[in-house]
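Notes follow the structure.
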Amino acid sequence: MTALSRLAATVEARKGADPDSSWTAKLFAKGPEKCAEKFGEEAVEAIIAAVKNDRENLVYEAADVLYHLTVMLAARDVSMDEVLAELDRRAGTSGIAEKASRG
């Protein structure tokens with residue numbers, strides 16, 4: 001099992017947990033909109049670290065981005081497997097061709 005699969009399984013398991021005992025459950029309790037907001041905040045922090053060429057902080061913030069992306073997806077009942085399947089579907093396809101296919 002990959003780290004991303006373990007993360008997705010852990011996040012999914014926290015959906016019904018007590019918000020007082022789990023940060024993930026606390027995020028779910030605040031609703032999908034708050035989960036999306038937190039993802040956005042972490043993405044901005046990762047961008048800032050990248051712009052500043054702060055490698056150590058970028059690694060830290062990228063992990064936060066992946067965590068909060070996983071929470072946001074789970075809050076909208078989108079599984080990591082669905083996202084990974086979409087990546088597999090795109091494998092070997094030029095990014096330019098893929099964007100053009102969306103019209």
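Residues in the structure tokens are named by chain (A, B, ... in the order shown) and by number from 1 within that chain; ligands are numbered from 1 in the order shown.
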
Determine which residues of chain A DSSP labels as helix (DSSP H, G or I) from the backbone of this structure, then write them out as a ChimeraX atom specification. /A:3-16,23-30,32-51,55-75,80-90,95-101

What's the 10 Å shell around Ile48 of chain A, counting only C-alpha atoms, without same-chain residues fewer than 4 positions away, as an MDAnalysis selection string? chainID A and resid 42:44 52:54 57:58 61

For segment 67-74 of chain A, find every residue with an atom within 8 Å (counting only C-alpha atoms), except residues of its own chain fewer than 4 positions away, and show them as a PDB file with C-alpha atoms, in the first residue's frame.
ATOM      1  CA  LEU A   7      -3.531   8.461   3.826  1.00  0.00           C
ATOM      2  CA  ALA A   8      -6.794   8.087   1.906  1.00  0.00           C
ATOM      3  CA  VAL A  11      -8.942  10.004   6.175  1.00  0.00           C
ATOM      4  CA  GLU A  12     -11.932   7.888   5.165  1.00  0.00           C
ATOM      5  CA  THR A  24      -9.610  15.173  10.317  1.00  0.00           C
ATOM      6  CA  LEU A  27     -12.541  19.288   9.444  1.00  0.00           C
ATOM      7  CA  PHE A  28     -15.334  16.983   8.243  1.00  0.00           C
ATOM      8  CA  PRO A  32     -17.006  20.406   2.662  1.00  0.00           C
ATOM      9  CA  CYS A  35     -12.319  21.436   3.852  1.00  0.00           C
ATOM     10  CA  ALA A  36     -11.926  23.166   0.478  1.00  0.00           C
ATOM     11  CA  LYS A  38      -8.189  24.631   4.168  1.00  0.00           C
ATOM     12  CA  PHE A  39      -6.907  22.965   0.990  1.00  0.00           C
ATOM     13  CA  GLU A  42      -2.251  25.008   2.228  1.00  0.00           C
ATOM     14  CA  ALA A  63       2.560  17.083   2.500  1.00  0.00           C
ATOM     15  CA  VAL A  78     -14.594  11.457  -4.330  1.00  0.00           C
ATOM     16  CA  SER A  79     -12.197   8.583  -3.743  1.00  0.00           C
ATOM     17  CA  MET A  80      -8.473   8.718  -4.264  1.00  0.00           C
TER      18      MET A  80
END

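For the atom pair formed by atom CA of Arg14 of chain A and atom CA of Glu33 of chain A, the distance is 17.5 Å, given to one decimal.
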
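Rounded to one decimal, atom CA of Ile47 of chain A and atom CA of Tyr60 of chain A lie 11.8 Å from each other.
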
Nearest residue to Asp64 of chain A out of A:Ala25, A:Ala46, A:Val51, A:Leu87, using only C-alpha atoms?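 Once distances to Asp64 of chain A are computed over only C-alpha atoms, the minimum belongs to A:Ala46.
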
For Lys15 of chain A, which residue among A:Leu66, A:Ala75, A:Ala91, A:Ala49 is the nearest when counting only C-alpha atoms? A:Ala75
